[in-house]
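S.K.: my_file38.pdb is reproduced below (PDB, C-alpha atoms, pLDDT in the B column).
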MODEL        1
ATOM      1  CA  MET A   1     -53.735 133.085  97.128  1.00 57.00           C
ATOM      2  CA  LYS A   2     -51.705 135.285  99.442  1.00 62.00           C
ATOM      3  CA  HIS A   3     -52.394 138.797  98.161  1.00 67.00           C
ATOM      4  CA  ARG A   4     -55.433 140.672  99.444  1.00 76.00           C
ATOM      5  CA  ILE A   5     -58.166 141.436  96.880  1.00 79.00           C
ATOM      6  CA  GLU A   6     -58.617 145.190  97.259  1.00 82.00           C
ATOM      7  CA  THR A   7     -62.094 146.621  96.736  1.00 89.00           C
ATOM      8  CA  PRO A   8     -61.963 149.514  94.211  1.00 93.00           C
ATOM      9  CA  MET A   9     -62.980 152.804  95.835  1.00 94.00           C
ATOM     10  CA  TYR A  10     -66.097 153.008  93.638  1.00 95.00           C
ATOM     11  CA  PHE A  11     -67.442 149.889  95.325  1.00 96.00           C
ATOM     12  CA  ALA A  12     -66.763 151.027  98.878  1.00 94.00           C
ATOM     13  CA  ALA A  13     -69.736 150.717 101.220  1.00 91.00           C
ATOM     14  CA  GLY A  14     -71.975 153.763 100.883  1.00 90.00           C
ATOM     15  CA  PHE A  15     -70.103 155.207  97.881  1.00 93.00           C
ATOM     16  CA  SER A  16     -73.239 155.258  95.732  1.00 94.00           C
ATOM     17  CA  ASN A  17     -75.167 157.232  98.360  1.00 94.00           C
ATOM     18  CA  GLY A  18     -73.077 160.328  97.652  1.00 94.00           C
ATOM     19  CA  LEU A  19     -73.890 160.093  93.943  1.00 95.00           C
ATOM     20  CA  ILE A  20     -77.614 159.662  94.635  1.00 95.00           C
ATOM     21  CA  LYS A  21     -77.630 162.806  96.795  1.00 95.00           C
ATOM     22  CA  GLN A  22     -76.608 164.860  93.744  1.00 95.00           C
ATOM     23  CA  PHE A  23     -80.041 164.330  92.175  1.00 96.00           C
ATOM     24  CA  PRO A  24     -82.816 166.857  92.818  1.00 94.00           C
ATOM     25  CA  GLU A  25     -85.961 165.591  94.510  1.00 92.00           C
ATOM     26  CA  SER A  26     -87.956 166.342  91.369  1.00 91.00           C
ATOM     27  CA  SER A  27     -85.970 163.720  89.437  1.00 90.00           C
ATOM     28  CA  THR A  28     -88.270 161.073  90.937  1.00 87.00           C
ATOM     29  CA  ASN A  29     -90.904 162.343  88.479  1.00 90.00           C
ATOM     30  CA  ASN A  30     -88.779 161.188  85.529  1.00 93.00           C
ATOM     31  CA  ASP A  31     -88.992 157.417  85.046  1.00 94.00           C
ATOM     32  CA  GLU A  32     -85.825 157.224  82.941  1.00 94.00           C
ATOM     33  CA  VAL A  33     -83.774 159.139  85.497  1.00 95.00           C
ATOM     34  CA  THR A  34     -85.154 157.039  88.334  1.00 95.00           C
ATOM     35  CA  LYS A  35     -84.398 153.789  86.511  1.00 95.00           C
ATOM     36  CA  GLY A  36     -80.900 154.977  85.611  1.00 94.00           C
ATOM     37  CA  LYS A  37     -79.851 156.051  89.083  1.00 94.00           C
ATOM     38  CA  ASP A  38     -81.455 153.019  90.760  1.00 94.00           C
ATOM     39  CA  ARG A  39     -79.680 150.567  88.462  1.00 95.00           C
ATOM     40  CA  ALA A  40     -76.379 152.425  88.807  1.00 96.00           C
ATOM     41  CA  LYS A  41     -76.711 152.286  92.585  1.00 95.00           C
ATOM     42  CA  ALA A  42     -77.421 148.544  92.288  1.00 95.00           C
ATOM     43  CA  TYR A  43     -74.207 148.180  90.257  1.00 96.00           C
ATOM     44  CA  PHE A  44     -72.072 149.947  92.863  1.00 97.00           C
ATOM     45  CA  ASP A  45     -73.703 148.018  95.707  1.00 95.00           C
ATOM     46  CA  LYS A  46     -73.251 144.749  93.814  1.00 96.00           C
ATOM     47  CA  GLY A  47     -69.572 145.570  93.366  1.00 96.00           C
ATOM     48  CA  ASN A  48     -69.189 145.979  97.113  1.00 95.00           C
ATOM     49  CA  GLU A  49     -70.870 142.628  97.672  1.00 95.00           C
ATOM     50  CA  VAL A  50     -68.721 140.918  95.017  1.00 95.00           C
ATOM     51  CA  PHE A  51     -65.336 142.150  96.205  1.00 94.00           C
ATOM     52  CA  THR A  52     -66.204 141.576  99.847  1.00 94.00           C
ATOM     53  CA  SER A  53     -67.222 138.020  98.974  1.00 94.00           C
ATOM     54  CA  ILE A  54     -64.052 137.314  96.971  1.00 91.00           C
ATOM     55  CA  GLU A  55     -61.796 138.586  99.746  1.00 91.00           C
ATOM     56  CA  SER A  56     -63.727 136.594 102.353  1.00 93.00           C
ATOM     57  CA  MET A  57     -63.345 133.457 100.247  1.00 91.00           C
ATOM     58  CA  ARG A  58     -59.627 134.106  99.808  1.00 88.00           C
ATOM     59  CA  LYS A  59     -59.176 134.391 103.571  1.00 90.00           C
ATOM     60  CA  ALA A  60     -61.242 131.279 104.219  1.00 92.00           C
ATOM     61  CA  ASN A  61     -59.296 129.249 101.667  1.00 88.00           C
ATOM     62  CA  ASN A  62     -55.960 130.433 103.025  1.00 86.00           C
ATOM     63  CA  SER A  63     -57.021 129.195 106.460  1.00 89.00           C
ATOM     64  CA  ASP A  64     -58.186 125.813 105.150  1.00 88.00           C
ATOM     65  CA  ARG A  65     -55.260 123.461 105.684  1.00 86.00           C
ATOM     66  CA  THR A  66     -57.200 120.517 104.247  1.00 88.00           C
ATOM     67  CA  GLN A  67     -56.477 121.924 100.767  1.00 84.00           C
ATOM     68  CA  THR A  68     -53.190 122.112  98.936  1.00 82.00           C
ATOM     69  CA  PRO A  69     -51.874 125.609  98.093  1.00 79.00           C
ATOM     70  CA  GLU A  70     -52.897 124.993  94.470  1.00 78.00           C
ATOM     71  CA  GLY A  71     -56.333 123.850  95.573  1.00 80.00           C
ATOM     72  CA  ARG A  72     -56.844 126.981  97.663  1.00 82.00           C
ATOM     73  CA  THR A  73     -55.889 129.145  94.679  1.00 81.00           C
ATOM     74  CA  VAL A  74     -58.235 127.261  92.340  1.00 81.00           C
ATOM     75  CA  SER A  75     -61.095 127.582  94.828  1.00 84.00           C
ATOM     76  CA  THR A  76     -60.587 131.333  95.142  1.00 86.00           C
ATOM     77  CA  TYR A  77     -60.420 131.761  91.372  1.00 83.00           C
ATOM     78  CA  GLN A  78     -63.545 129.758  90.752  1.00 84.00           C
ATOM     79  CA  HIS A  79     -65.411 131.873  93.285  1.00 90.00           C
ATOM     80  CA  ALA A  80     -64.004 135.090  91.766  1.00 89.00           C
ATOM     81  CA  GLN A  81     -65.110 133.956  88.318  1.00 85.00           C
ATOM     82  CA  LYS A  82     -68.672 133.386  89.493  1.00 90.00           C
ATOM     83  CA  LYS A  83     -68.954 136.652  91.448  1.00 93.00           C
ATOM     84  CA  LEU A  84     -67.322 138.875  88.816  1.00 92.00           C
ATOM     85  CA  ALA A  85     -69.626 137.406  86.160  1.00 91.00           C
ATOM     86  CA  GLU A  86     -72.550 138.502  88.344  1.00 94.00           C
ATOM     87  CA  LEU A  87     -71.092 142.022  88.487  1.00 95.00           C
ATOM     88  CA  GLN A  88     -70.684 142.081  84.711  1.00 93.00           C
ATOM     89  CA  LYS A  89     -74.335 141.068  84.311  1.00 94.00           C
ATOM     90  CA  THR A  90     -75.362 143.995  86.523  1.00 95.00           C
ATOM     91  CA  TYR A  91     -73.230 146.334  84.393  1.00 95.00           C
ATOM     92  CA  ASN A  92     -74.821 145.012  81.199  1.00 94.00           C
ATOM     93  CA  ASN A  93     -78.245 145.841  82.636  1.00 93.00           C
ATOM     94  CA  LEU A  94     -77.403 149.534  83.017  1.00 95.00           C
ATOM     95  CA  PRO A  95     -79.096 152.079  80.744  1.00 94.00           C
ATOM     96  CA  ASP A  96     -76.878 154.593  78.962  1.00 95.00           C
ATOM     97  CA  LEU A  97     -76.862 157.349  81.593  1.00 96.00           C
ATOM     98  CA  SER A  98     -75.189 159.838  79.261  1.00 95.00           C
ATOM     99  CA  ALA A  99     -77.969 159.269  76.716  1.00 96.00           C
ATOM    100  CA  VAL A 100     -80.614 159.920  79.392  1.00 96.00           C
ATOM    101  CA  ALA A 101     -78.817 163.180  80.269  1.00 96.00           C
ATOM    102  CA  LYS A 102     -78.724 164.187  76.598  1.00 96.00           C
ATOM    103  CA  GLN A 103     -82.419 163.442  76.202  1.00 96.00           C
ATOM    104  CA  ILE A 104     -83.275 165.818  79.055  1.00 96.00           C
ATOM    105  CA  ASP A 105     -81.053 168.529  77.585  1.00 95.00           C
ATOM    106  CA  ASP A 106     -82.638 168.030  74.147  1.00 96.00           C
ATOM    107  CA  GLU A 107     -86.096 168.447  75.691  1.00 95.00           C
ATOM    108  CA  ILE A 108     -84.989 171.718  77.301  1.00 95.00           C
ATOM    109  CA  SER A 109     -83.645 172.916  73.952  1.00 95.00           C
ATOM    110  CA  ASP A 110     -86.904 171.994  72.201  1.00 95.00           C
ATOM    111  CA  THR A 111     -88.889 174.033  74.744  1.00 94.00           C
ATOM    112  CA  LEU A 112     -86.575 177.002  74.291  1.00 94.00           C
ATOM    113  CA  GLU A 113     -86.736 176.838  70.498  1.00 94.00           C
ATOM    114  CA  LYS A 114     -90.537 176.578  70.451  1.00 94.00           C
ATOM    115  CA  THR A 115     -90.766 179.746  72.554  1.00 92.00           C
ATOM    116  CA  ALA A 116     -88.516 181.577  70.093  1.00 93.00           C
ATOM    117  CA  ASP A 117     -90.561 180.572  67.058  1.00 90.00           C
ATOM    118  CA  SER A 118     -93.055 183.453  66.903  1.00 88.00           C
ATOM    119  CA  ALA A 119     -93.615 186.839  65.312  1.00 89.00           C
ATOM    120  CA  TYR A 120     -92.679 188.482  68.610  1.00 92.00           C
ATOM    121  CA  GLY A 121     -89.466 186.472  68.567  1.00 94.00           C
ATOM    122  CA  ARG A 122     -88.487 187.743  65.135  1.00 94.00           C
ATOM    123  CA  GLU A 123     -89.196 191.309  66.190  1.00 94.00           C
ATOM    124  CA  ALA A 124     -87.140 190.931  69.373  1.00 95.00           C
ATOM    125  CA  ARG A 125     -84.174 189.496  67.465  1.00 96.00           C
ATOM    126  CA  GLN A 126     -84.266 192.342  64.992  1.00 96.00           C
ATOM    127  CA  ARG A 127     -84.254 194.828  67.847  1.00 96.00           C
ATOM    128  CA  ILE A 128     -81.320 193.156  69.578  1.00 97.00           C
ATOM    129  CA  SER A 129     -79.284 192.866  66.373  1.00 97.00           C
ATOM    130  CA  SER A 130     -79.810 196.599  65.741  1.00 97.00           C
ATOM    131  CA  MET A 131     -78.169 197.474  69.072  1.00 97.00           C
ATOM    132  CA  PRO A 132     -74.475 198.376  69.240  1.00 97.00           C
ATOM    133  CA  LYS A 133     -72.419 195.185  69.166  1.00 96.00           C
ATOM    134  CA  SER A 134     -71.090 195.771  72.680  1.00 95.00           C
ATOM    135  CA  GLU A 135     -74.599 195.933  74.182  1.00 97.00           C
ATOM    136  CA  ARG A 136     -76.298 192.871  72.699  1.00 97.00           C
ATOM    137  CA  ALA A 137     -74.997 190.164  75.035  1.00 97.00           C
ATOM    138  CA  SER A 138     -75.462 192.435  78.037  1.00 97.00           C
ATOM    139  CA  PHE A 139     -79.084 193.066  77.080  1.00 97.00           C
ATOM    140  CA  VAL A 140     -79.860 189.334  76.881  1.00 98.00           C
ATOM    141  CA  ASN A 141     -77.998 188.691  80.137  1.00 97.00           C
ATOM    142  CA  GLN A 142     -80.042 191.385  81.896  1.00 97.00           C
ATOM    143  CA  ALA A 143     -83.254 189.909  80.481  1.00 97.00           C
ATOM    144  CA  ILE A 144     -82.397 186.561  82.098  1.00 97.00           C
ATOM    145  CA  HIS A 145     -81.653 188.124  85.478  1.00 95.00           C
ATOM    146  CA  ARG A 146     -84.790 190.260  85.558  1.00 96.00           C
ATOM    147  CA  ASN A 147     -86.825 187.178  84.572  1.00 96.00           C
ATOM    148  CA  ASP A 148     -87.841 188.602  81.228  1.00 96.00           C
ATOM    149  CA  LEU A 149     -87.494 185.044  80.042  1.00 95.00           C
ATOM    150  CA  LYS A 150     -89.464 185.324  76.825  1.00 95.00           C
ATOM    151  CA  THR A 151     -87.186 188.084  75.545  1.00 96.00           C
ATOM    152  CA  ALA A 152     -84.138 186.000  76.446  1.00 97.00           C
ATOM    153  CA  ALA A 153     -85.659 182.934  74.798  1.00 97.00           C
ATOM    154  CA  TYR A 154     -86.400 184.870  71.617  1.00 97.00           C
ATOM    155  CA  ALA A 155     -82.664 185.545  71.289  1.00 97.00           C
ATOM    156  CA  LEU A 156     -81.377 182.195  72.486  1.00 97.00           C
ATOM    157  CA  GLY A 157     -83.842 179.778  70.898  1.00 96.00           C
ATOM    158  CA  THR A 158     -82.440 180.423  67.420  1.00 96.00           C
ATOM    159  CA  PRO A 159     -78.851 180.638  66.088  1.00 96.00           C
ATOM    160  CA  GLY A 160     -76.913 183.584  67.508  1.00 96.00           C
ATOM    161  CA  TYR A 161     -76.426 185.422  64.230  1.00 96.00           C
ATOM    162  CA  PHE A 162     -80.162 186.264  64.098  1.00 96.00           C
ATOM    163  CA  SER A 163     -79.620 188.459  67.179  1.00 96.00           C
ATOM    164  CA  GLY A 164     -76.138 189.589  66.256  1.00 97.00           C
ATOM    165  CA  LEU A 165     -74.489 187.463  68.943  1.00 97.00           C
ATOM    166  CA  SER A 166     -71.200 185.645  68.442  1.00 97.00           C
ATOM    167  CA  ASP A 167     -71.212 181.858  68.726  1.00 96.00           C
ATOM    168  CA  GLU A 168     -69.388 182.090  72.045  1.00 97.00           C
ATOM    169  CA  GLN A 169     -71.786 184.684  73.472  1.00 97.00           C
ATOM    170  CA  HIS A 170     -74.804 182.700  72.305  1.00 98.00           C
ATOM    171  CA  SER A 171     -73.507 179.422  73.742  1.00 97.00           C
ATOM    172  CA  GLN A 172     -72.676 180.935  77.139  1.00 97.00           C
ATOM    173  CA  LEU A 173     -75.972 182.819  77.419  1.00 97.00           C
ATOM    174  CA  ARG A 174     -77.969 179.783  76.301  1.00 97.00           C
ATOM    175  CA  GLU A 175     -76.405 177.644  79.048  1.00 95.00           C
ATOM    176  CA  GLN A 176     -77.002 180.461  81.538  1.00 96.00           C
ATOM    177  CA  TYR A 177     -80.654 180.605  80.505  1.00 97.00           C
ATOM    178  CA  LYS A 178     -81.072 176.837  80.839  1.00 96.00           C
ATOM    179  CA  SER A 179     -79.485 176.813  84.299  1.00 94.00           C
ATOM    180  CA  HIS A 180     -81.711 179.697  85.408  1.00 95.00           C
ATOM    181  CA  VAL A 181     -85.015 178.434  84.022  1.00 95.00           C
ATOM    182  CA  PHE A 182     -84.451 174.685  84.203  1.00 95.00           C
ATOM    183  CA  SER A 183     -82.247 174.516  87.289  1.00 95.00           C
ATOM    184  CA  GLU A 184     -83.503 171.146  88.547  1.00 95.00           C
ATOM    185  CA  GLU A 185     -83.326 169.550  85.109  1.00 95.00           C
ATOM    186  CA  LYS A 186     -79.740 170.807  84.735  1.00 95.00           C
ATOM    187  CA  GLN A 187     -78.926 169.438  88.178  1.00 96.00           C
ATOM    188  CA  ALA A 188     -80.283 166.042  87.107  1.00 96.00           C
ATOM    189  CA  ILE A 189     -78.195 166.185  83.924  1.00 96.00           C
ATOM    190  CA  LYS A 190     -75.049 166.939  85.911  1.00 96.00           C
ATOM    191  CA  ALA A 191     -75.821 164.125  88.368  1.00 96.00           C
ATOM    192  CA  LEU A 192     -76.416 161.637  85.537  1.00 97.00           C
ATOM    193  CA  GLN A 193     -73.153 162.598  83.851  1.00 96.00           C
ATOM    194  CA  SER A 194     -71.271 162.229  87.133  1.00 96.00           C
ATOM    195  CA  MET A 195     -72.808 158.823  87.774  1.00 97.00           C
ATOM    196  CA  HIS A 196     -72.000 157.702  84.225  1.00 97.00           C
ATOM    197  CA  GLU A 197     -68.350 158.741  84.645  1.00 97.00           C
ATOM    198  CA  HIS A 198     -68.058 156.867  87.943  1.00 97.00           C
ATOM    199  CA  VAL A 199     -69.664 153.736  86.488  1.00 97.00           C
ATOM    200  CA  GLU A 200     -67.102 153.688  83.683  1.00 96.00           C
ATOM    201  CA  LYS A 201     -64.232 154.313  86.103  1.00 96.00           C
ATOM    202  CA  ALA A 202     -65.510 151.454  88.248  1.00 96.00           C
ATOM    203  CA  LYS A 203     -65.468 149.142  85.234  1.00 94.00           C
ATOM    204  CA  VAL A 204     -61.877 150.123  84.437  1.00 94.00           C
ATOM    205  CA  ALA A 205     -60.906 149.517  88.066  1.00 93.00           C
ATOM    206  CA  THR A 206     -62.552 146.081  87.910  1.00 93.00           C
ATOM    207  CA  SER A 207     -60.565 145.251  84.788  1.00 89.00           C
ATOM    208  CA  LYS A 208     -57.364 146.127  86.636  1.00 88.00           C
ATOM    209  CA  VAL A 209     -58.320 143.746  89.440  1.00 86.00           C
ATOM    210  CA  VAL A 210     -58.851 140.970  86.888  1.00 83.00           C
ATOM    211  CA  THR A 211     -55.411 141.701  85.426  1.00 81.00           C
ATOM    212  CA  ASP A 212     -53.923 141.430  88.908  1.00 79.00           C
ATOM    213  CA  LEU A 213     -55.764 138.161  89.555  1.00 79.00           C
ATOM    214  CA  ASN A 214     -54.341 136.700  86.368  1.00 76.00           C
ATOM    215  CA  ALA A 215     -50.852 137.844  87.318  1.00 73.00           C
ATOM    216  CA  GLN A 216     -51.226 136.000  90.603  1.00 71.00           C
ATOM    217  CA  ALA A 217     -52.491 132.990  88.679  1.00 68.00           C
ATOM    218  CA  ARG A 218     -49.363 132.898  86.561  1.00 69.00           C
ATOM    219  CA  LEU A 219     -47.200 133.059  89.678  1.00 69.00           C
ATOM    220  CA  ALA A 220     -49.176 130.187  91.169  1.00 66.00           C
ATOM    221  CA  GLY A 221     -48.824 128.154  87.975  1.00 65.00           C
ATOM    222  CA  LEU A 222     -52.581 127.985  87.531  1.00 61.00           C
ATOM    223  CA  ASP A 223     -53.732 126.481  84.263  1.00 57.00           C
ATOM    224  CA  GLN A 224     -54.889 129.055  81.672  1.00 47.00           C
ATOM    225  CA  ASN A 225     -58.371 127.514  81.639  1.00 50.00           C
ATOM    226  CA  GLU A 226     -58.820 128.462  85.291  1.00 51.00           C
ATOM    227  CA  LYS A 227     -58.052 132.147  84.748  1.00 51.00           C
ATOM    228  CA  VAL A 228     -60.613 134.941  84.892  1.00 50.00           C
ATOM    229  CA  SER A 229     -59.344 136.954  81.932  1.00 47.00           C
ATOM    230  CA  GLU A 230     -62.737 137.276  80.216  1.00 43.00           C
ATOM    231  CA  LEU A 231     -64.840 138.415  83.147  1.00 44.00           C
ATOM    232  CA  THR A 232     -65.149 142.057  82.170  1.00 41.00           C
ATOM    233  CA  GLY A 233     -65.467 141.888  78.419  1.00 40.00           C
TER     234      GLY A 233
ENDMDL
END
Rewrite the structure from the file as structure tokens, please.

M.R.:
Amino acid sequence: MKHRIETPMYFAAGFSNGLIKQFPESSTNNDEVTKGKDRAKAYFDKGNEVFTSIESMRKANNSDRTQTPEGRTVSTYQHAQKKLAELQKTYNNLPDLSAVAKQIDDEISDTLEKTADSAYGREARQRISSMPKSERASFVNQAIHRNDLKTAAYALGTPGYFSGLSDEQHSQLREQYKSHVFSEEKQAIKALQSMHEHVEKAKVATSKVVTDLNAQARLAGLDQNEKVSELTG
């Protein structure tokens, strides 16, 4: 096989380290987050090992003049099949990182809603809804910034119409509250979502490599049974 097997950027040496650095130190206290990021890092590192190995085998086979050109191609494909199957197994072992992120966000929402569920909360919402329409969102925003977090939670832990806030105002202020009060949890959520996106992009990139390998196989006249078309299913 003459064409170099390029390593997708997601599997470059050290790529996963940048993703890991996005997590706050406190995330080590959450077993699901720790398992998710550790297994994702293992996937990226495995990808580096796999593509490095395939390219090394390709070079070695191309230098082996004891084999026919067809034999060198078959040898490279057989090695690629084995290594890419290992990468797929690592992918299959990944937890759903987006689901872990959603679970954390749901827990934040539950905490916020429990705070709002009180007699004081109902009184606060009535007071806010009685304000002029133009002042309601500003009042809640100021409560967040002066760390009057219970007052803010009373308004934001229930649907916006109870406090006279529009859906857009309520949604924006609720996210602002979460980021202010649960900053490290929100950082972990963002890091998990980023890692999830990069894992899926890495899988797509791997599929493109397999497509390229099969194209080279056709050019080499390799038998269909030797192809690696089902390595990333």

S.K.: Just to confirm, what's the straight-line distance from atom CA of A:Ser171 to atom CA of A:Val199 in Å (one decimal)?

M.R.: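 If I compute the distance from atom CA of A:Ser171 to atom CA of A:Val199, I get 28.9 Å.
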
S.K.: Here is a test: counting only C-alpha atoms, which residue of A:Arg136, A:Lys208, A:Lys41, A:Lys150 is nearest to A:Glu113?

M.R.: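 Selected residue with least distance to A:Glu113: A:Lys150.
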
S.K.: With only C-alpha atoms counted and 8 Å as the cut-off, give the residues of stretch 150-197 of chain A in contact with stretch 137-146 of chain A, each with its shortest interatomic distance in Å and the pair that gives it, as a Markdown table.

M.R.:
| residue | atom | partner | partner_atom | distance |
| --- | --- | --- | --- | --- |
| A:Thr151 | CA | A:Ala143 | CA | 6.6 |
| A:Ala152 | CA | A:Val140 | CA | 5.4 |
| A:Ala155 | CA | A:Val140 | CA | 7.3 |
| A:Leu165 | CA | A:Ala137 | CA | 6.7 |
| A:Gln169 | CA | A:Ala137 | CA | 6.5 |
| A:His170 | CA | A:Ala137 | CA | 7.9 |
| A:Leu173 | CA | A:Asn141 | CA | 6.8 |
| A:Tyr177 | CA | A:Ile144 | CA | 6.4 |
| A:His180 | CA | A:Ile144 | CA | 7.7 |

S.K.: How far is it from atom CA of A:Lys89 to atom CA of A:Thr73, in Å with one decimal?

M.R.: 24.3 Å

S.K.: Step by step, work through what the PyMOL selection byres ((chain A and resi 87) around 8) selects in the shown file, and finish by giving those residues as a list in words.

M.R.: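 Selected by the PyMOL selection byres ((chain A and resi 87) around 8) in this file: Tyr43, Lys46, Gly47, Val50, Lys83, Leu84, Ala85, Glu86, Gln88, Lys89, Thr90 and Tyr91 of chain A.
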
S.K.: Interatomic distance between atom CA of A:Tyr10 and atom CA of A:Glu25?

M.R.: 23.5 Å

S.K.: Output, as JSON, the centre and edge lengths in Å (one decimal) of the axis-aligned box that contains all listed atoms of stretch 128-132 of chain A with 5 Å of margin on each side.

M.R.:
{"center_x": -77.9, "center_y": 195.6, "center_z": 67.7, "size_x": 16.8, "size_y": 15.5, "size_z": 13.8}

S.K.: Quick one: everything within 12 Å of A:Asn62, counting all atoms listed in the file, minus sequence neighbours fewer than 4 positions away in the same chain. Send it as a PyMOL selection string.

M.R.: chain A and resi 1-4+55-58+66-76

S.K.: Go through the shown structure with the PyMOL selection byres ((chain A and resi 115-125) around 8) and write out the matching residues as a list in words.

M.R.: Thr111, Leu112, Glu113, Lys114, Gln126, Arg127, Ile128, Ser129, Lys150, Thr151, Ala153, Tyr154, Ala155, Leu156, Gly157, Thr158, Phe162 and Ser163 of chain A

S.K.: Which residue, A:Ala13, A:Val33, A:Val181, A:Leu19, has the smallest gap to A:Glu49 when you use all atoms listed in the file?

M.R.: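 Of A:Ala13, A:Val33, A:Val181, A:Leu19, the one nearest A:Glu49 is A:Ala13, counting all atoms listed in the file.
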